[in-house]
>>> print(open('target.tsv').read())   # TSV, C-alpha atoms
chain	number	residue	atom	x	y	z
A	1	ASP	CA	-16.53	2.85	9.61
A	2	VAL	CA	-17.39	0.47	6.83
A	3	LYS	CA	-14.42	-1.51	5.78
A	4	VAL	CA	-14.07	-3.31	2.47
A	5	THR	CA	-10.76	-5.08	2.11
A	6	GLN	CA	-9.24	-6.79	-0.87
A	7	SER	CA	-6.63	-9.52	-0.58
A	8	SER	CA	-3.92	-7.86	-2.68
A	9	ARG	CA	-3.14	-4.37	-3.94
A	10	TYR	CA	-0.96	-5.68	-6.75
A	11	LEU	CA	-0.92	-9.06	-8.43
A	12	VAL	CA	1.09	-10.42	-11.35
A	13	LYS	CA	0.00	-13.66	-13.00
A	14	ARG	CA	0.79	-15.57	-16.15
A	15	THR	CA	-1.55	-16.31	-19.02
A	16	GLY	CA	-3.59	-19.41	-18.34
A	17	GLU	CA	-3.27	-19.30	-14.56
A	18	LYS	CA	-6.33	-19.51	-12.34
A	19	VAL	CA	-6.63	-16.31	-10.32
A	20	PHE	CA	-8.60	-15.64	-7.16
A	21	LEU	CA	-9.40	-12.13	-5.98
A	22	GLU	CA	-10.86	-11.96	-2.50
A	23	CYS	CA	-13.04	-9.28	-0.99
A	24	VAL	CA	-14.25	-9.02	2.60
A	25	GLN	CA	-16.67	-6.49	4.13
A	26	ASP	CA	-17.36	-6.02	7.81
A	27	MET	CA	-20.73	-4.25	7.79
A	28	ASP	CA	-23.10	-7.17	7.22
A	29	HIS	CA	-24.09	-5.82	3.80
A	30	GLU	CA	-26.39	-7.90	1.65
A	31	ASN	CA	-24.99	-6.70	-1.67
A	32	MET	CA	-21.49	-7.18	-2.98
A	33	PHE	CA	-20.07	-6.21	-6.37
A	34	TRP	CA	-17.03	-6.73	-8.55
A	35	TYR	CA	-16.04	-4.05	-11.06
A	36	ARG	CA	-13.12	-3.59	-13.36
A	37	GLN	CA	-11.76	-0.15	-14.11
A	38	ASP	CA	-9.98	0.65	-17.34
A	39	PRO	CA	-8.80	4.03	-18.66
A	40	GLY	CA	-11.49	5.75	-20.69
A	41	LEU	CA	-14.09	3.13	-19.81
A	42	GLY	CA	-14.89	3.98	-16.21
A	43	LEU	CA	-16.13	1.22	-13.93
A	44	ARG	CA	-17.88	-1.75	-15.47
A	45	LEU	CA	-19.79	-4.29	-13.43
A	46	ILE	CA	-18.59	-7.87	-13.73
A	47	TYR	CA	-20.81	-9.66	-11.19
A	48	PHE	CA	-23.15	-8.78	-8.39
A	49	SER	CA	-24.35	-10.82	-5.40
A	50	TYR	CA	-27.41	-9.89	-3.35
A	51	ASP	CA	-27.21	-12.77	-0.88
A	52	VAL	CA	-25.12	-15.76	0.06
A	53	LYS	CA	-24.81	-18.17	-2.87
A	54	MET	CA	-26.79	-15.75	-5.08
A	55	LYS	CA	-25.22	-13.97	-8.03
A	56	GLU	CA	-26.14	-12.00	-11.11
A	57	LYS	CA	-24.12	-11.26	-14.19
A	58	GLY	CA	-23.13	-7.70	-14.75
A	59	ASP	CA	-22.18	-6.05	-18.02
A	60	ILE	CA	-18.95	-7.97	-18.69
A	61	PRO	CA	-19.07	-11.42	-17.04
A	62	GLU	CA	-17.25	-13.32	-19.79
A	63	GLY	CA	-14.08	-14.97	-18.53
A	64	TYR	CA	-15.03	-14.52	-14.87
A	65	SER	CA	-16.92	-16.39	-12.20
A	66	VAL	CA	-17.72	-15.57	-8.59
A	67	SER	CA	-18.31	-17.30	-5.30
A	68	ARG	CA	-20.14	-16.13	-2.20
A	69	GLU	CA	-20.21	-18.83	0.44
A	70	LYS	CA	-20.35	-16.42	3.39
A	71	LYS	CA	-22.12	-13.10	3.63
A	72	GLU	CA	-18.95	-11.10	4.27
A	73	ARG	CA	-16.82	-12.62	1.50
A	74	PHE	CA	-17.12	-12.33	-2.26
A	75	SER	CA	-14.51	-13.91	-4.53
A	76	LEU	CA	-13.81	-13.18	-8.17
A	77	ILE	CA	-12.28	-16.01	-10.15
A	78	LEU	CA	-10.47	-15.84	-13.44
A	79	GLU	CA	-10.54	-19.44	-14.60
A	80	SER	CA	-7.76	-18.97	-17.16
A	81	ALA	CA	-6.24	-15.52	-17.04
A	82	SER	CA	-5.62	-13.70	-20.29
A	83	THR	CA	-3.70	-10.52	-21.06
A	84	ASN	CA	-6.91	-8.61	-21.77
A	85	GLN	CA	-7.88	-9.15	-18.15
A	86	THR	CA	-5.05	-6.89	-17.02
A	87	SER	CA	-6.93	-4.20	-15.14
A	88	MET	CA	-7.82	-2.63	-11.83
A	89	TYR	CA	-10.43	-4.68	-9.99
A	90	LEU	CA	-12.66	-2.99	-7.43
A	91	CYS	CA	-14.92	-4.67	-4.92
A	92	ALA	CA	-17.86	-2.88	-3.30
A	93	SER	CA	-20.61	-3.65	-0.83
A	94	SER	CA	-23.87	-2.03	0.18
A	95	SER	CA	-27.17	-2.39	1.91
A	96	PRO	CA	-30.21	-2.16	-0.40
A	97	LEU	CA	-30.42	1.24	-2.10
A	98	ILE	CA	-34.03	1.65	-1.06
A	99	LEU	CA	-32.78	1.97	2.51
A	100	GLY	CA	-30.81	5.04	1.55
A	101	ALA	CA	-27.53	3.21	1.14
A	102	GLU	CA	-24.55	3.78	-1.08
A	103	GLN	CA	-21.83	1.43	-2.26
A	104	PHE	CA	-18.60	1.29	-0.28
A	105	PHE	CA	-15.46	0.41	-2.17
A	106	GLY	CA	-12.28	-1.43	-1.38
A	107	PRO	CA	-8.82	-0.12	-2.31
A	108	GLY	CA	-8.64	-2.15	-5.51
A	109	THR	CA	-6.37	-4.86	-6.88
A	110	ARG	CA	-4.22	-4.01	-9.85
A	111	LEU	CA	-3.85	-7.25	-11.78
A	112	THR	CA	-1.24	-7.70	-14.49
A	113	VAL	CA	-1.44	-10.80	-16.68
A	114	LEU	CA	1.78	-11.54	-18.57
B	1	ALA	CA	-30.92	0.83	-20.90
B	2	GLN	CA	-29.54	3.68	-18.90
B	3	LYS	CA	-26.41	5.56	-19.78
B	4	VAL	CA	-24.25	8.10	-17.95
B	5	THR	CA	-22.12	10.57	-19.91
B	6	GLN	CA	-19.28	12.58	-18.47
B	7	ALA	CA	-18.11	14.45	-21.54
B	8	GLN	CA	-15.17	16.14	-19.81
B	9	THR	CA	-12.32	13.65	-19.78
B	10	GLU	CA	-9.80	15.93	-18.09
B	11	ILE	CA	-10.01	19.37	-16.53
B	12	SER	CA	-7.20	21.50	-15.10
B	13	VAL	CA	-7.79	24.66	-13.11
B	14	VAL	CA	-5.64	26.88	-10.97
B	15	GLU	CA	-6.15	26.63	-7.24
B	16	LYS	CA	-9.00	28.74	-5.85
B	17	GLU	CA	-10.88	28.75	-9.14
B	18	ASP	CA	-14.38	27.30	-9.28
B	19	VAL	CA	-14.94	24.25	-11.45
B	20	THR	CA	-18.03	22.37	-12.61
B	21	LEU	CA	-18.06	18.73	-13.59
B	22	ASP	CA	-20.87	17.74	-15.91
B	23	CYS	CA	-22.97	14.59	-15.76
B	24	VAL	CA	-25.79	13.73	-18.15
B	25	TYR	CA	-27.84	10.57	-17.84
B	26	GLU	CA	-30.30	8.76	-20.06
B	27	THR	CA	-33.19	6.68	-18.78
B	28	ARG	CA	-36.82	5.91	-19.51
B	29	ASP	CA	-37.55	5.39	-15.85
B	30	THR	CA	-39.16	8.02	-13.67
B	31	THR	CA	-37.64	6.87	-10.39
B	32	TYR	CA	-33.93	6.43	-9.97
B	33	TYR	CA	-30.87	7.38	-7.94
B	34	LEU	CA	-27.85	9.46	-8.89
B	35	PHE	CA	-24.44	9.44	-7.21
B	36	TRP	CA	-21.08	11.15	-7.28
B	37	TYR	CA	-17.88	9.41	-6.20
B	38	LYS	CA	-14.34	10.72	-5.86
B	39	GLN	CA	-11.28	8.58	-6.61
B	40	PRO	CA	-8.13	10.20	-5.22
B	41	PRO	CA	-4.67	9.02	-6.30
B	42	SER	CA	-4.76	6.35	-3.59
B	43	GLY	CA	-7.39	4.58	-5.70
B	44	GLU	CA	-10.25	3.97	-3.28
B	45	LEU	CA	-13.58	5.44	-4.40
B	46	VAL	CA	-15.14	7.74	-1.86
B	47	PHE	CA	-18.88	8.40	-1.81
B	48	LEU	CA	-19.81	12.10	-2.09
B	49	ILE	CA	-23.57	12.31	-2.60
B	50	ARG	CA	-26.71	10.41	-3.48
B	51	ARG	CA	-29.84	11.96	-4.95
B	52	ASN	CA	-33.29	10.47	-5.52
B	53	SER	CA	-35.16	11.40	-8.69
B	54	PHE	CA	-38.10	12.84	-6.79
B	55	ASP	CA	-35.90	15.32	-4.94
B	56	GLU	CA	-34.66	18.06	-7.26
B	57	GLN	CA	-33.41	20.37	-4.57
B	58	ASN	CA	-29.84	21.44	-5.02
B	59	GLU	CA	-27.40	20.41	-2.35
B	60	ILE	CA	-24.48	22.25	-0.82
B	61	SER	CA	-21.84	20.73	1.41
B	62	GLY	CA	-19.03	23.11	2.23
B	63	ARG	CA	-17.23	23.93	-1.01
B	64	TYR	CA	-19.18	21.28	-2.91
B	65	SER	CA	-22.55	21.79	-4.53
B	66	TRP	CA	-24.71	19.72	-6.82
B	67	ASN	CA	-27.27	20.89	-9.36
B	68	PHE	CA	-29.88	18.27	-10.30
B	69	GLN	CA	-32.16	19.13	-13.22
B	70	LYS	CA	-34.56	16.48	-14.44
B	71	SER	CA	-35.58	18.66	-17.39
B	72	THR	CA	-32.09	18.35	-18.87
B	73	SER	CA	-31.23	14.97	-17.29
B	74	SER	CA	-28.19	16.48	-15.66
B	75	PHE	CA	-26.57	16.18	-12.26
B	76	ASN	CA	-23.64	18.58	-12.25
B	77	PHE	CA	-21.06	18.99	-9.51
B	78	THR	CA	-19.37	22.29	-8.66
B	79	ILE	CA	-16.32	22.79	-6.49
B	80	THR	CA	-15.93	26.34	-5.24
B	81	ALA	CA	-12.50	27.76	-4.41
B	82	SER	CA	-10.76	24.57	-5.51
B	83	GLN	CA	-7.85	23.15	-3.55
B	84	VAL	CA	-5.01	20.82	-4.49
B	85	VAL	CA	-6.64	18.07	-2.41
B	86	ASP	CA	-9.58	18.14	-4.83
B	87	SER	CA	-7.35	16.62	-7.51
B	88	ALA	CA	-8.91	13.25	-8.29
B	89	VAL	CA	-11.02	11.36	-10.77
B	90	TYR	CA	-14.72	12.00	-10.24
B	91	PHE	CA	-17.41	9.56	-11.28
B	92	CYS	CA	-21.10	10.10	-11.72
B	93	ALA	CA	-23.32	7.02	-11.39
B	94	PHE	CA	-26.95	6.02	-11.88
B	95	ALA	CA	-29.21	3.27	-10.53
B	96	ASN	CA	-32.80	2.47	-11.39
B	97	PHE	CA	-35.22	2.27	-8.52
B	98	GLY	CA	-35.39	-1.35	-7.43
B	99	ASN	CA	-32.09	-2.23	-9.08
B	100	GLU	CA	-28.98	-2.45	-6.92
B	101	LYS	CA	-26.55	-2.14	-9.83
B	102	LEU	CA	-24.87	1.17	-10.57
B	103	THR	CA	-24.01	2.39	-14.03
B	104	PHE	CA	-20.96	4.62	-13.94
B	105	GLY	CA	-19.81	7.34	-16.28
B	106	THR	CA	-16.29	7.23	-17.64
B	107	GLY	CA	-15.06	9.75	-15.09
B	108	THR	CA	-13.50	13.22	-15.18
B	109	ARG	CA	-9.90	13.65	-14.11
B	110	LEU	CA	-9.61	16.96	-12.25
B	111	THR	CA	-6.21	18.50	-11.66
B	112	ILE	CA	-5.84	21.51	-9.42
B	113	ILE	CA	-2.68	23.45	-10.18
B	114	PRO	CA	-1.08	25.13	-7.16
>>> encode(input="target.tsv", output="structure tokens")
Amino acid sequence: DVKVTQSSRYLVKRTGEKVFLECVQDMDHENMFWYRQDPGLGLRLIYFSYDVKMKEKGDIPEGYSVSREKKERFSLILESASTNQTSMYLCASSSPLILGAEQFFGPGTRLTVL
Amino acid sequence: AQKVTQAQTEISVVEKEDVTLDCVYETRDTTYYLFWYKQPPSGELVFLIRRNSFDEQNEISGRYSWNFQKSTSSFNFTITASQVVDSAVYFCAFANFGNEKLTFGTGTRLTIIP
């Protein structure tokens, strides 16, 4: 079974703190994604990585950065957390869609910024 | 740009009733992928189905069925004889051919009343 794990289920941080959210997948997938999920807005893509050290901005990259130093690990970084970044963060991974793949999701990290 | 609309925000039905979740997409592309995901209360998104734009055949999997109609740009999901375990948020998603990024709808919260 594909396994996508995220470092924390719940996280509470203070405004201005630097926050790291870690995601690890064990299926050698090329693609990894970070989404945030907010009520009434569905899932919105923050960043996407299609290879080690490669990244693309998604729909809402402002206030976030990412790092992919190893194929299995994709980190989301909030350089200076703000209250409007309180949300559920979901990581996903996949092989290329053209190969018939789908995205596999982790359990999510619910981040609260005070 | 593509867009996915799930107009039904919340639906409640009594157990054993049939229920259909609507999904309408907008795109100028002729080749694309469509997906449905389920998000149970535990939070982790679970893949249900993937459809390619060149395959309009309807699909049935147990109590689940999907109706894909390119003429109306719809990809609706029907649960027959609903059960309490079907209670979840359901997301429809879209990806252009050659693009690994998914665009999600805002989701439909389905509650099955025992």
>>> interface_residues(input="target.tsv", of="chain B", to="chain A", cutoff="9 Å", atoms="only C-alpha atoms", output="mmCIF file with C-alpha atoms, in the frame of the given file")
data_model
loop_
_atom_site.group_PDB
_atom_site.id
_atom_site.type_symbol
_atom_site.label_atom_id
_atom_site.label_comp_id
_atom_site.auth_asym_id
_atom_site.auth_seq_id
_atom_site.Cartn_x
_atom_site.Cartn_y
_atom_site.Cartn_z
ATOM 1 C CA THR B 9 -12.320 13.650 -19.780
ATOM 2 C CA TYR B 33 -30.870 7.380 -7.940
ATOM 3 C CA PHE B 35 -24.440 9.440 -7.210
ATOM 4 C CA SER B 42 -4.760 6.350 -3.590
ATOM 5 C CA GLY B 43 -7.390 4.580 -5.700
ATOM 6 C CA GLU B 44 -10.250 3.970 -3.280
ATOM 7 C CA LEU B 45 -13.580 5.440 -4.400
ATOM 8 C CA VAL B 46 -15.140 7.740 -1.860
ATOM 9 C CA PHE B 47 -18.880 8.400 -1.810
ATOM 10 C CA ILE B 49 -23.570 12.310 -2.600
ATOM 11 C CA ARG B 50 -26.710 10.410 -3.480
ATOM 12 C CA PHE B 91 -17.410 9.560 -11.280
ATOM 13 C CA ALA B 95 -29.210 3.270 -10.530
ATOM 14 C CA PHE B 97 -35.220 2.270 -8.520
ATOM 15 C CA GLY B 98 -35.390 -1.350 -7.430
ATOM 16 C CA ASN B 99 -32.090 -2.230 -9.080
ATOM 17 C CA GLU B 100 -28.980 -2.450 -6.920
ATOM 18 C CA LYS B 101 -26.550 -2.140 -9.830
ATOM 19 C CA LEU B 102 -24.870 1.170 -10.570
ATOM 20 C CA THR B 103 -24.010 2.390 -14.030
ATOM 21 C CA PHE B 104 -20.960 4.620 -13.940
ATOM 22 C CA GLY B 105 -19.810 7.340 -16.280
ATOM 23 C CA THR B 106 -16.290 7.230 -17.640
ATOM 24 C CA GLY B 107 -15.060 9.750 -15.090
#
>>> residues_around(input="target.tsv", residues="Phe74 of chain A", least_positions_apart="5", cutoff="7 Å", atoms="only C-alpha atoms", output="JSON, numbers by chain")
{"A": [22, 23, 24, 32, 67, 68]}
>>> residues_around(input="target.tsv", residues="Gly63 of chain A", least_positions_apart="6", cutoff="12 Å", atoms="only C-alpha atoms", output="PyMOL selection string")
chain A and resi 16+18-19+46-47+57+76-85
>>> write_last_selection(input="target.tsv", atoms="C-alpha atoms", output="PDB file, in the coordinates of the input")
ATOM      1  CA  GLY A  16      -3.590 -19.410 -18.340  1.00  0.00           C
ATOM      2  CA  LYS A  18      -6.330 -19.510 -12.340  1.00  0.00           C
ATOM      3  CA  VAL A  19      -6.630 -16.310 -10.320  1.00  0.00           C
ATOM      4  CA  ILE A  46     -18.590  -7.870 -13.730  1.00  0.00           C
ATOM      5  CA  TYR A  47     -20.810  -9.660 -11.190  1.00  0.00           C
ATOM      6  CA  LYS A  57     -24.120 -11.260 -14.190  1.00  0.00           C
ATOM      7  CA  LEU A  76     -13.810 -13.180  -8.170  1.00  0.00           C
ATOM      8  CA  ILE A  77     -12.280 -16.010 -10.150  1.00  0.00           C
ATOM      9  CA  LEU A  78     -10.470 -15.840 -13.440  1.00  0.00           C
ATOM     10  CA  GLU A  79     -10.540 -19.440 -14.600  1.00  0.00           C
ATOM     11  CA  SER A  80      -7.760 -18.970 -17.160  1.00  0.00           C
ATOM     12  CA  ALA A  81      -6.240 -15.520 -17.040  1.00  0.00           C
ATOM     13  CA  SER A  82      -5.620 -13.700 -20.290  1.00  0.00           C
ATOM     14  CA  THR A  83      -3.700 -10.520 -21.060  1.00  0.00           C
ATOM     15  CA  ASN A  84      -6.910  -8.610 -21.770  1.00  0.00           C
ATOM     16  CA  GLN A  85      -7.880  -9.150 -18.150  1.00  0.00           C
TER      17      GLN A  85
END
>>> closest_residue(input="target.tsv", among="A:Tyr35, A:Ser8, A:Lys71, A:Ser93", to="Val52 of chain A", atoms="only C-alpha atoms")
A:Lys71
>>> atom_distance(input="target.tsv", atom1="atom CA of Glu62 of chain A", atom2="atom CA of Gln25 of chain A")
24.9 Å
>>> atom_distance(input="target.tsv", atom1="atom CA of Ser82 of chain B", atom2="atom CA of Glu56 of chain B")
24.8 Å
>>> closest_residue(input="target.tsv", among="B:Leu34, B:Ile79, B:Ala93, B:Ala88", to="Leu21 of chain B", atoms="all atoms listed in the file")
B:Ile79
>>> residues_near_point(input="target.tsv", point="(-14.6, 28.2, 0.6)", cutoff="8 Å", atoms="all atoms listed in the file", output="ChimeraX atom specification")
/B:62-63,80-81
>>> write_last_selection(input="target.tsv", atoms="C-alpha atoms", output="mmCIF file, keeping the file's coordinate frame")
data_model
loop_
_atom_site.group_PDB
_atom_site.id
_atom_site.type_symbol
_atom_site.label_atom_id
_atom_site.label_comp_id
_atom_site.auth_asym_id
_atom_site.auth_seq_id
_atom_site.Cartn_x
_atom_site.Cartn_y
_atom_site.Cartn_z
ATOM 1 C CA GLY B 62 -19.030 23.110 2.230
ATOM 2 C CA ARG B 63 -17.230 23.930 -1.010
ATOM 3 C CA THR B 80 -15.930 26.340 -5.240
ATOM 4 C CA ALA B 81 -12.500 27.760 -4.410
#
>>> closest_residue(input="target.tsv", among="B:Asn52, B:Ser65, B:Ser12, B:Gln57", to="Val84 of chain B", atoms="only C-alpha atoms")
B:Ser12
>>> residues_around(input="target.tsv", residues="Arg109 of chain B", least_positions_apart="3", cutoff="8 Å", atoms="only C-alpha atoms", output="list in words")
Thr9, Glu10, Ile11, Ser87, Ala88, Val89 and Tyr90 of chain B
>>> atom_distance(input="target.tsv", atom1="atom CA of Tyr25 of chain B", atom2="atom CA of Val4 of chain B")
4.4 Å
>>> closest_residue(input="target.tsv", among="B:Val85, B:Val24, B:Cys92, B:Leu48", to="Ser71 of chain B", atoms="all atoms listed in the file")
B:Val24
>>> closest_residue(input="target.tsv", among="B:Tyr37, B:Ser53, B:Asp86, B:Ala7", to="Cys23 of chain B", atoms="only C-alpha atoms")
B:Ala7
>>> closest_residue(input="target.tsv", among="B:Lys3, B:Ile113, B:Glu17, B:Asn67", to="Phe94 of chain B", atoms="all atoms listed in the file")
B:Lys3
>>> axis_aligned_box(input="target.tsv", around="segment 17-25 of chain A", padding_each_side="3 Å", output="AutoDock Vina command-line options")
--center_x -10.0 --center_y -13.0 --center_z -5.2 --size_x 19.4 --size_y 19.0 --size_z 24.7
